[in-house]
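Everything on this sheet refers to the single structure shown next.
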Amino acid sequence: MQAQSTTGSIFGNAPVASGESVQITGGSGFNRNIPVDSSGHYSTTLPVGTYTVTLLQNGQAVQTRENVTPKVAGATEVSFISTAGATTANSANAQTLSGVTVSANALPAIDVTSTNESTVITAEQLKHLPLQRSAEAIALLAPGATQGSSTFMMANGKGAGPTGTSLVSFGGSSVAENAYYINGFNTSDPLGNSGGISLPYGSIEQQQTLTSGYGAQYGRSAGGVISQVGKSGTNDWHFGAQVLWQPAFARGNQDNIYYGNPRSTTPDQEKGDLNTYQRGNSQWNTVYDAYVGGPLIKDTLFFFVSAEANKTQNATVQSIDVSKVEYQKSRDPKIYAKLDWNINDSNTLSLTGVKNTDSFDGAFYNYDYNNKKAEDFSSLDLHTKNSFGIWIAKYTGYITDNLTVNAMFGKMEGTYYTVQPPYPGLDTSLAHISGASHQNPAYLAGHPGGITNANVVTAGQVNRPDHKSSVDNLRLDLDWKLGNHDIQFGIDNDLTNDIDAGNTINGPGYAWSYGFSSPNNPIIGGDPNHQPYVAPTEGYPNGATGYWVNKYIFVTQASVQVKQRAQYIQDNWQVTPNLLLNIGIRNDQFTNYNGEHVPYLRLTSPQWSPRIGFSWDVFGDSSMKIFGNAGRYYLAMPAGVALREASGSLYTNQYYTYSGIDSQGIPIGLTPIASNPSGPVSTNNEYGQPLDPATVASKNLKAEYQDEFVLGMQQQINSSWVYGVTLMHRNLGRIIDDVDDEGALCDKLVAGGFDTAECPNHTLNGSILVNPGSSNVIRVANAAGGYDSVTMTPQDYGFPKATRKYYSLEAYLEHPWDGTWTGKIDYVFSRSFGTTEGPVMSSIGQGGNSVSATQQWDFGSLMQYANGDQANEQKHVLKAYGTYQVAPEWTVSGIVILASGVPNVCLGFYGPDETDPAGYATVTPGAYHWCGGQPSAPGKSGFTPWTHTLNLSAEYRPAWADKKLGFQIMVNNVFNEQKATALGSIYGTTAAPSTTYKLPIALEMPRYVQMGITYDF
């Protein structure tokens, strides 16, 4: 059983006797008789649900176990005693938790059929645990799961997931290496593999979070897996509704954000000066949830439908240099529907439909920082609406008692709509202003934070309003039980289309970006004869102080595709009654297409992924197991990478000195600075020209993969307690990223005697996909119409080896539900270190369409001293959660998470002389692992503070309402702790320190109170 499964297993032993079988009934009309073999063993796979398991002899019930609920991708043992005529475990032996009957018959707490480690949270637990209503919040309960960096938050305050949710890291991997599933269908973000689509919170039957060791059936994840199984209708009618409210008056005040760079001497931007007045922020939220489910035809046809409406309103004060407050509105409706048809006892068909929408609107008002109050209207923010529709069809056929076939096909279609709403005074010709804090202070009288205007669109970039995506996922799986072998084999195909993707610059089609550099040093490059190059400001009018401005243009558009195919076979071999081996292998193939539907990556040679696991039931009674697994996991390149890496894009900057700044932040008195090429300059050679698919990637490029090794044990101390210890090691074997160093390539071409006519930069690709830290064969078009090939070693580029190593030790203690309480405490010590975080760059928030195309490997100088603690390392994490029924009508729950901080990163100018050989520090004043002329590896500049989170909740279900009516209250972040979760990494130079260095990017969410009323019938 695996992470993306929608099923569980029930197995066990019974006394050997003639005419013996096991009948299992429940769920959505499930009713099957399972034969007991000659050794007294039986097993079956069935949909997630609640079942009654009965031992039959000659058609007569001998013993019964009620309320058996196997967990998704897990197995529950139900064995029968040898005493003839044992009595039924009926409702008289049951206890009640919130109206759910739980059998008093103790079932083994350890799943000895599993060779991996996963965390399964059930619908019953979700009713009580004080969690934010998201798949990611549930996943953070799993060991090794940490919150993704705050640098990935969007400008409107939402997360970077496709519907505005936050991102999660598992086991030291990046936030772009995970997979999401709904009812077995892959719902991962189709553009940059950042996050995914999830169910309405109240529709989740179970969520499995897998952090290690899944079998050969599944792949495409080197981090973790979030797999949700939705609810189904049963033979009993159920309906209900819920209203949740987070009032603004019960929300804790947000702490202000203050400048943190002790070296800053800029007036009003020194350490301790106010940057953002967050105490003026407010927020309220309401959630409306309703569901209905039951039989359309008893025992045959069932349905379940639910809907959720989530509405949030915020008032968010912007930083002092912007001096605006934004009033935001978010609407996030979700719909879920499922139809289950038991065609007969041997054939079932299920249909699932999901609709998720995330819409946002905002209005800016000017803000008086002196009197801390909003003033007149300024402008409207972009209106965005992302919507995803999913449908899934799954067929299961029990061909024989030993042969089962599963076939699934599903489709997900996404739309990404962005538009600038009209408003009085809208000036569509107004250019966006960025880098206002780097404007020449001589021209800022009365505006110490810089001068901006009503065009507040981030970087002036607007996504294309007709952008769409689609994902087709086809699976065919066969399961053949042959004696002690359970052989599984099949195919797993996925087709992703990113349609009319890209962006433009709003206003006049360009934006202005201000900057500062040493007036004696070139702004970009070092050699005027080597492109790209921009001269020093010295010698130009108003250039003696080093201040400059550039006019930048950034335009992309393409429709691209990724085709993924896989085949697998796995044998789950019960070698002895106490020893289980999982032995499997998977073969993945990936093909990426550019905007002309021509492959630019064809990774179709066998990519073998061995998967091996074992589980040893030490005493043969499921009271202790030792388990382990080892495997290799491949990842495909996301679709969005092709927008700039394989399709023609335009990204240029033209540099000027200036003599003033008008009231809209527009520079005046411009003097062009000499450059090579003359005029607009592109550091990545993005001048809008079409790209040759034969030259955009190295000839010998191979897919990213990671190897993983796990060894653990679990033991039942007694009927009330279970503990476990697990060791994990992960090793990133290879990644894909882009390199931009045309100069190094040119040098190698010249040294090799190739035609030097190809060497001027405008005839070379400005960005080439490679396996960083390995030797890459680069193809370059020659004058004869063919290609020259040259092998570029890591030494040619000045690259270190690409490494990421993760080690962890986990220990947990768990008290399973006993009718009164349940709880789990989990501690993880871990290390994540190396030269790369993976395909994203958290220190500057680079992910999304820049996955596997980050700036980190663009030049060797950017990677010098990159070896250190990586972004998702939290050395110590302690998690505890549980539920306690204090009285028949009252239940309380809590979650505690204590976590050490993540490593800080310091990015300055290069070398002891603080230069900018790659030209990247012109965009932000710092890009190299050097600070103040000294090397600065990740983590060397310290860590963010420890965080201490306590969430509490209580529920009252009065007996006078037959416990169908419930009243809930939840308090998130009880102590209102607001430590910084990420700090600014851009250092600047010794002479001109960046004011945003060590500036808190985000703080912990303040305390909020949620009140709710629920009715379940």
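Each chain in the structure tokens gets a letter, A, B, ..., in the order shown, and its residues are numbered from 1; ligands are numbered from 1 in order too.
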
- [ ] Please provide the set of residues having any atom within 6 Å of A:Lys805, restricted to only C-alpha atoms, with same-chain residues fewer than 2 positions apart removed, written as a ChimeraX atom specification.
- [x] /A:730-731,832-833

Could you please take those selected residues and save all heavy atoms as an mmCIF file, in the first residue's frame?
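Once written, selection-v2.cif looks like this:
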```
data_model
loop_
_atom_site.group_PDB
_atom_site.id
_atom_site.type_symbol
_atom_site.label_atom_id
_atom_site.label_comp_id
_atom_site.auth_asym_id
_atom_site.auth_seq_id
_atom_site.Cartn_x
_atom_site.Cartn_y
_atom_site.Cartn_z
ATOM 1 N N ARG A 730 19.235 11.145 3.380
ATOM 2 C CA ARG A 730 18.914 11.489 1.999
ATOM 3 C C ARG A 730 20.132 12.124 1.348
ATOM 4 O O ARG A 730 20.825 12.947 1.970
ATOM 5 C CB ARG A 730 17.746 12.474 1.931
ATOM 6 C CG ARG A 730 16.394 11.843 2.219
ATOM 7 C CD ARG A 730 15.287 12.882 2.178
ATOM 8 N NE ARG A 730 13.987 12.261 1.981
ATOM 9 C CZ ARG A 730 12.844 12.926 1.882
ATOM 10 N NH1 ARG A 730 12.841 14.249 1.956
ATOM 11 N NH2 ARG A 730 11.706 12.287 1.690
ATOM 12 N N ASN A 731 20.357 11.757 0.104
ATOM 13 C CA ASN A 731 21.493 12.289 -0.635
ATOM 14 C C ASN A 731 21.038 12.707 -2.030
ATOM 15 O O ASN A 731 20.587 11.868 -2.822
ATOM 16 C CB ASN A 731 22.612 11.241 -0.736
ATOM 17 C CG ASN A 731 23.834 11.782 -1.430
ATOM 18 O OD1 ASN A 731 24.258 12.903 -1.172
ATOM 19 N ND2 ASN A 731 24.408 10.998 -2.324
ATOM 20 N N SER A 832 20.665 19.479 7.416
ATOM 21 C CA SER A 832 20.551 19.570 5.967
ATOM 22 C C SER A 832 21.628 20.533 5.492
ATOM 23 O O SER A 832 21.598 21.718 5.839
ATOM 24 C CB SER A 832 19.166 20.064 5.548
ATOM 25 O OG SER A 832 19.062 20.156 4.137
ATOM 26 N N PHE A 833 22.576 20.038 4.723
ATOM 27 C CA PHE A 833 23.702 20.880 4.339
ATOM 28 C C PHE A 833 24.210 20.474 2.967
ATOM 29 O O PHE A 833 23.917 19.397 2.459
ATOM 30 C CB PHE A 833 24.822 20.779 5.376
ATOM 31 C CG PHE A 833 25.324 19.380 5.614
ATOM 32 C CD1 PHE A 833 26.394 18.877 4.891
ATOM 33 C CD2 PHE A 833 24.721 18.561 6.556
ATOM 34 C CE1 PHE A 833 26.845 17.589 5.105
ATOM 35 C CE2 PHE A 833 25.170 17.264 6.775
ATOM 36 C CZ PHE A 833 26.232 16.772 6.045
#
```

- [ ] List every residue of stretch 134-350 of chain A that DSSP, applied to the backbone of this structure, assigns to helix (DSSP H, G or I), and report them as a list in words.
- [x]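 Listing helix (DSSP H, G or I) positions across stretch 134-350 of chain A yields Ala135, Glu136, Ala137, Ile138, Ala139, Ser150, Thr151, Phe152, Tyr201, Gly202, Ser203, Ala248, Phe249, Ala250, Gln278, Arg279 and Gly280 of chain A.
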
Hey, can you spit out that residue selection with N, CA and C atoms as a PDB file, in the first residue's frame?
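Below is the file out_17.pdb, written as the result:
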```
ATOM      1  N   ALA A 135      -4.339  21.617   3.749  1.00  0.00           N
ATOM      2  CA  ALA A 135      -3.584  20.371   3.668  1.00  0.00           C
ATOM      3  C   ALA A 135      -2.188  20.548   4.231  1.00  0.00           C
ATOM      4  N   GLU A 136      -1.610  21.746   4.033  1.00  0.00           N
ATOM      5  CA  GLU A 136      -0.252  22.000   4.490  1.00  0.00           C
ATOM      6  C   GLU A 136      -0.183  22.038   6.012  1.00  0.00           C
ATOM      7  N   ALA A 137      -1.184  22.612   6.667  1.00  0.00           N
ATOM      8  CA  ALA A 137      -1.189  22.646   8.125  1.00  0.00           C
ATOM      9  C   ALA A 137      -1.281  21.239   8.707  1.00  0.00           C
ATOM     10  N   ILE A 138      -2.060  20.369   8.068  1.00  0.00           N
ATOM     11  CA  ILE A 138      -2.136  18.974   8.510  1.00  0.00           C
ATOM     12  C   ILE A 138      -0.788  18.297   8.314  1.00  0.00           C
ATOM     13  N   ALA A 139      -0.161  18.549   7.164  1.00  0.00           N
ATOM     14  CA  ALA A 139       1.113  17.904   6.847  1.00  0.00           C
ATOM     15  C   ALA A 139       2.206  18.288   7.835  1.00  0.00           C
ATOM     16  N   SER A 150       9.277  32.081   4.256  1.00  0.00           N
ATOM     17  CA  SER A 150       8.363  33.212   4.094  1.00  0.00           C
ATOM     18  C   SER A 150       8.696  34.037   2.865  1.00  0.00           C
ATOM     19  N   THR A 151       9.885  33.852   2.296  1.00  0.00           N
ATOM     20  CA  THR A 151      10.250  34.606   1.094  1.00  0.00           C
ATOM     21  C   THR A 151       9.390  34.235  -0.099  1.00  0.00           C
ATOM     22  N   PHE A 152       8.675  33.098  -0.023  1.00  0.00           N
ATOM     23  CA  PHE A 152       7.833  32.685  -1.136  1.00  0.00           C
ATOM     24  C   PHE A 152       6.430  33.286  -1.054  1.00  0.00           C
ATOM     25  N   TYR A 201     -11.900  21.267   3.496  1.00  0.00           N
ATOM     26  CA  TYR A 201     -11.415  20.693   4.752  1.00  0.00           C
ATOM     27  C   TYR A 201     -12.392  19.670   5.335  1.00  0.00           C
ATOM     28  N   GLY A 202     -13.675  19.976   5.293  1.00  0.00           N
ATOM     29  CA  GLY A 202     -14.670  19.082   5.871  1.00  0.00           C
ATOM     30  C   GLY A 202     -14.959  17.854   5.040  1.00  0.00           C
ATOM     31  N   SER A 203     -14.357  17.762   3.833  1.00  0.00           N
ATOM     32  CA  SER A 203     -14.569  16.609   2.963  1.00  0.00           C
ATOM     33  C   SER A 203     -13.449  15.586   3.043  1.00  0.00           C
ATOM     34  N   ALA A 248     -12.244  40.075  14.081  1.00  0.00           N
ATOM     35  CA  ALA A 248     -11.072  40.953  14.143  1.00  0.00           C
ATOM     36  C   ALA A 248     -10.774  41.372  15.574  1.00  0.00           C
ATOM     37  N   PHE A 249     -11.829  41.567  16.398  1.00  0.00           N
ATOM     38  CA  PHE A 249     -11.593  42.062  17.753  1.00  0.00           C
ATOM     39  C   PHE A 249     -10.877  41.041  18.634  1.00  0.00           C
ATOM     40  N   ALA A 250     -10.954  39.750  18.275  1.00  0.00           N
ATOM     41  CA  ALA A 250     -10.308  38.715  19.084  1.00  0.00           C
ATOM     42  C   ALA A 250      -8.926  38.350  18.573  1.00  0.00           C
ATOM     43  N   GLN A 278       2.706  47.445  11.622  1.00  0.00           N
ATOM     44  CA  GLN A 278       1.752  46.341  11.493  1.00  0.00           C
ATOM     45  C   GLN A 278       0.670  46.354  12.561  1.00  0.00           C
ATOM     46  N   ARG A 279       0.840  47.180  13.586  1.00  0.00           N
ATOM     47  CA  ARG A 279      -0.225  47.252  14.598  1.00  0.00           C
ATOM     48  C   ARG A 279      -1.489  47.892  14.043  1.00  0.00           C
ATOM     49  N   GLY A 280      -1.377  48.469  12.880  1.00  0.00           N
ATOM     50  CA  GLY A 280      -2.555  49.000  12.222  1.00  0.00           C
ATOM     51  C   GLY A 280      -3.282  47.977  11.363  1.00  0.00           C
TER      52      GLY A 280
END
```

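Shell of stretch 504-516 of chain A at 7 Å, with only C-alpha atoms counted and residues fewer than 4 places along the chain excluded, is Thr428, Ser429, Leu430, Ala431, His432, Ile433, Ser434, Gly435, Ala436, His438, Gln439, Gly460, Gln461, Val462, Asn463, Gly546, Tyr547, Trp548, Val549, Asn550, Lys551, Tyr552, Ile553, Phe554, Val555, Thr556 and Thr922 of chain A.
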
TODO: List the neighbours of A:Phe1017 out to 12 Å using only C-alpha atoms; skip same-chain residues closer than 2 positions along the sequence, and give me the result as a list in words.
DONE: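 Result of the neighbour search: Gly99, Asp236, Trp237, His238, Phe239, Gly240, Ala241, Gln242, Ala290, Tyr291, Val292, Gly293, Gly294, Ala961, Asp962, Lys963, Lys964, Leu965, Gly966, Thr1014 and Tyr1015 of chain A.
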
TODO: Find the residues around stretch 482-499 of chain A up to 6 Å (only C-alpha atoms counted), leave out those fewer than 6 positions away in its own chain, and share them as number ranges by chain.
DONE: A: 467-476, 559-574

Open item on the list: Here is a test: counting only C-alpha atoms, which residue of A:Leu999, A:Val325, A:Leu191, A:Val305 is nearest to A:Thr415?
Closed with: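 Ranked by minimum distance to A:Thr415, first place goes to A:Leu191.
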
Task: Contacts of A:Leu274 within 9 Å, only C-alpha atoms, excl. fewer than 5 positions in-chain, as a PyMOL selection string - done: chain A and resi 256-259+268-269+319-320

Open item on the list: I need the residue nearest A:Thr384 from this list: A:Pro162, A:Gly449, A:Gly59, A:Gly838. Use only C-alpha atoms for the distance.
Closed with: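 The shortest atom-to-atom distance to A:Thr384 comes from A:Pro162.
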
Near A:Gly192, within 6 Å and counting only C-alpha atoms, which residues show up once chain neighbours fewer than 6 positions away are dropped, as a PDB file with all heavy atoms, in the first residue's frame?
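Writing done, so here's selection-v4.pdb:
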```
ATOM      1  N   PRO A 638       9.595  20.923 -14.272  1.00  0.00           N
ATOM      2  CA  PRO A 638       8.241  21.482 -14.375  1.00  0.00           C
ATOM      3  C   PRO A 638       8.018  22.177 -15.709  1.00  0.00           C
ATOM      4  O   PRO A 638       8.964  22.601 -16.391  1.00  0.00           O
ATOM      5  CB  PRO A 638       8.193  22.487 -13.216  1.00  0.00           C
ATOM      6  CG  PRO A 638       9.301  22.100 -12.297  1.00  0.00           C
ATOM      7  CD  PRO A 638      10.361  21.499 -13.162  1.00  0.00           C
ATOM      8  N   GLY A 640       6.717  25.135 -16.403  1.00  0.00           N
ATOM      9  CA  GLY A 640       6.972  26.570 -16.475  1.00  0.00           C
ATOM     10  C   GLY A 640       8.404  26.941 -16.790  1.00  0.00           C
ATOM     11  O   GLY A 640       8.671  28.091 -17.191  1.00  0.00           O
ATOM     12  N   GLY A 848       8.551  28.984  -8.298  1.00  0.00           N
ATOM     13  CA  GLY A 848       7.553  29.160  -9.352  1.00  0.00           C
ATOM     14  C   GLY A 848       8.112  28.795 -10.712  1.00  0.00           C
ATOM     15  O   GLY A 848       8.656  27.704 -10.905  1.00  0.00           O
ATOM     16  N   ASN A 849       8.015  29.731 -11.677  1.00  0.00           N
ATOM     17  CA  ASN A 849       8.539  29.466 -13.019  1.00  0.00           C
ATOM     18  C   ASN A 849      10.063  29.468 -13.063  1.00  0.00           C
ATOM     19  O   ASN A 849      10.653  29.172 -14.107  1.00  0.00           O
ATOM     20  CB  ASN A 849       7.996  30.498 -14.011  1.00  0.00           C
ATOM     21  CG  ASN A 849       6.549  30.245 -14.367  1.00  0.00           C
ATOM     22  OD1 ASN A 849       6.034  29.142 -14.189  1.00  0.00           O
ATOM     23  ND2 ASN A 849       5.872  31.264 -14.860  1.00  0.00           N
TER      24      ASN A 849
END
```

Task: atom CA of A:Ile399 to atom CA of A:Leu56, distance in Å rounded to a single decimal - done: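 Atom CA of A:Leu56 lies 22.5 Å from atom CA of A:Ile399.
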
TODO: Using DSSP on the backbone coordinates, identify all residues within stretch 732-908 of chain A classified as strand (DSSP E or B); present the result as an MDAnalysis selection string.
DONE: chainID A and resid 732:734 737:739 768:770 776:781 787:792 804:815 821:834 841 846 868:869 876:887 890:899 903 907:908

TODO: Would you work out the distance separating atom CA of A:Ser852 from atom CA of A:Gly161, expressed in Å to one decimal?
DONE: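 Atom CA of A:Gly161 lies at a distance of 17.0 Å from atom CA of A:Ser852.
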
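The spacing separating atom CA of A:Met713 from atom CA of A:Thr726 amounts to 6.4 Å.
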
- [ ] Go through A:Ile717, A:Ile524, A:Ala315, A:Ile661 one by one, measure the shortest atom-to-atom distance of each to A:Gly919 using only C-alpha atoms, and give the residue with the smallest value.
- [x]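 Nearest candidate to A:Gly919 out of A:Ile717, A:Ile524, A:Ala315, A:Ile661: A:Ile524.
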
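Closest approach to A:Val168 from the set A:Thr803, A:Gln125, A:Asn872, A:Ser5 is made by A:Asn872, with distances taken over only C-alpha atoms.
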
Task: Selected residue, from A:Val770, A:Ala17, A:Ala646, A:Ala694, that lies nearest to A:Gly595 when counting only C-alpha atoms - done: A:Ala646
